[in-house]
Amino acid sequence: MSEFITNVPTYTLNTGAVMPAVGLGTFGSDKYSPEQIAAAVSGAVKSGYRMLDCASVYQNEDMIGKVLDELFKDGTVKREDLFITSKVWNDQHREVRKACMKSLKDLGLSYIDLYFVHWPFPNYHAPGCNGDSRNPDSKPFSVDEFMDTWHQLEELHDTGLVKALGMSNMTVSKLSRVLPLCRIKPAALEMECHPSFQQQELFEYAKAHDIVPIGFCPIGSPSRPERDRCSTDVADMELAEVVTVANKHNIHPATVCIKWAVQRGLCTIPFSVKESQYISNLKCTTEDPLTEEEMDILKGAERNCRLVKGQVFLWPGATDWKQLWE
Ligand SMILES: NC(=O)c1ccc[n+]([C@@H]2O[C@H](COP(=O)([O-])OP(=O)(O)OC[C@H]3O[C@@H](n4cnc5c(N)ncnc54)[C@H](OP(=O)(O)O)[C@@H]3O)[C@@H](O)[C@H]2O)c1
């Protein structure tokens with residue numbers, strides 16, 4: 001029986017719900033199978049994880065649902081002890097309820113704790129497609145189209161099928177246009193965040209609007225798919241600032257990234273199918289905190305290095321992935 005970790009920090013959402021500060025990511029980066037990820041979910045919950053970051057596009061919600069069912073049936077955990085997210089994928093912005101019902105069925109749940117609009121564009125691309133592929137039907141961000149999708153999430157919230165709403169892959173500019181139009185404000189914002197890409201302005205904006213930031217790719221997504229790699233990317237775990245702090249604590253650079261995220265005020269959702277890794281990713285937030293001085297050193301690790309550039313979502317006429325992030 002593996003170690004059981006308690007006293008993981010939490011955040012209280014603007015809905016009043018309590019969300020753990022560390023969750024298990026469940027995107028296998030085309031490297032890990034749904035079976036491996038489901039086994040990691042099972043092991044992680046048995047180790048003390050209480051948050052799972054899921055999405056229909058990760059194509060494993062049905063396998064995760066099977067292990068959740070086992071965990072509920074064998075009494076390991078109760079549904080209300082877990083905080084489970086899911087996300088509507090880009091091709092279902094016009095049928096959010098249908099998408100959510102499919103996720104609920106696959107996960108075997110009667111409600112989702114936090115339901116996201118995964119990307120603010122209705123631009124579909126098949127999972128695993130090449131980074132150069134473009135869909136001629138892709139469109140730039142539209143406030144009206146986004147709000148149409150958001151209002152569908154609000155209706156889902158009204159039914160109780162989802163307990164809180166979230167946005168993901170947004171920018172300050174997009175948020176400032178849509179937030180005044182929301183009947184139900186987002187409770188959380190999923191955003192790429194790791195030492196070499198801190199998104200300080202977006203982080204502060206979310207905090208100022210009582211939205212909990214959830215950082216993805218927290219340790220620099222070292223196993224990300226080839227299509228998401230580019231020659232100018234930096235490896236967070238090799239940055240001098242991260243290695244310096246890791247050496248001071250005699251810990252792995254990965255756990256420096258996790259500690260930094262949580263101490264900064266983010267929820268963080270590291271992925272791993274390896275027991276020793278996912279246990280240390282959770283445990284590190286319960287002990288041996290970084291000092292103020294070390295947090296300052298890590299501030300200096302910023303390299304403006306966005307890893308998930310989203311280039312496959314570009315619309316005809318757009319040539320630079322940075323246009324997605326305006
Ligand atoms: N909202 C969005 O659009 C969005 C986008 C991307 C990701 N996400 C979410 O964020 C989650 C995390 O992102 P990610 O998986 O790309 O990146 P990540 O968590 O930064 O990196 C995961 C990888 O880091 C390595 N690792 C994990 N723990 C480690 C440890 N303690 N020591 C050493 N290495 C360790 C593992 O590599 P090896 O397997 O090689 O050992 C693992 O596969 C995803 O699973 C998904 O749930 C959301």
# chains A, B, ... in the order shown; residues from 1 in each chain; ligands from 1

$ residues_near_ligand --ligand "ligand 1" --cutoff "6 Å" --atoms "only C-alpha atoms and all ligand atoms" --output "ChimeraX atom specification"
/A:25-27,53-54,118,168-169,190,216-224,254-255,269-272,277-278,280-281

$ residues_around --residues "A:Phe141" --least-positions-apart "4" --cutoff "12 Å" --atoms "only C-alpha atoms" --output "VMD selection string"
chain A and resid 119 to 123 145 to 147 169 to 171 173 to 175 177 to 178 313 to 315 318 323 to 326

$ closest_residue --among "A:Gly215, A:Pro253, A:Gly166, A:Gly48" --to "A:Asp113" --atoms "only C-alpha atoms"
A:Gly166

$ closest_residue --among "A:Thr291, A:Asn135, A:Ser2, A:Ser176" --to "A:Leu202" --atoms "only C-alpha atoms"
A:Ser176

$ residues_around --residues "A:Cys129" --least-positions-apart "5" --cutoff "10 Å" --atoms "only C-alpha atoms" --output "list in words"
Arg134, Arg227 and Val312 of chain A

$ write_last_selection --atoms "N, CA and C atoms" --output "compact mmCIF listing (two decimals), in the first residue's frame"
# COMPACT_ATOMS: atom_id res chain seq x y z
N ARG A 134 -4.13 22.83 -41.00
CA ARG A 134 -5.04 23.96 -40.77
C ARG A 134 -6.43 23.54 -41.23
N ARG A 227 4.51 17.65 -32.11
CA ARG A 227 3.89 18.80 -32.78
C ARG A 227 3.89 20.05 -31.91
N VAL A 312 -2.42 24.97 -34.69
CA VAL A 312 -3.39 24.25 -35.53
C VAL A 312 -4.76 24.93 -35.52

$ atom_distance --atom1 "atom CA of A:Val262" --atom2 "atom CA of A:Ala39"
25.4 Å

$ select_by_dssp --residues "stretch 37-167 of chain A" --states "helix (DSSP H, G or I)" --output "PyMOL selection string"
chain A and resi 37-47+56-58+61-73+79-81+90-92+96-107+143-159

$ residues_around --residues "stretch 73-90 of chain A" --least-positions-apart "4" --cutoff "8 Å" --atoms "only C-alpha atoms" --output "ChimeraX atom specification"
/A:19-20,45-46,50-57,69,96,99-100,103,112-124

$ select_by_dssp --residues "stretch 77-142 of chain A" --states "strand (DSSP E or B)" --output "list in words"
Phe83, Ile84, Thr85, Ser86, Lys87, Val88, Ile112, Leu114, Tyr115, Phe116 and Val117 of chain A

$ closest_residue --among "A:Gln311, A:Ile211, A:Met237, A:Ser47" --to "A:Lys185" --atoms "only C-alpha atoms"
A:Ile211

$ atom_distance --atom1 "atom CA of A:Met101" --atom2 "atom CA of A:Ala164"
15.5 Å

$ atom_distance --atom1 "atom CA of A:Gly310" --atom2 "atom CA of A:Glu226"
13.1 Å
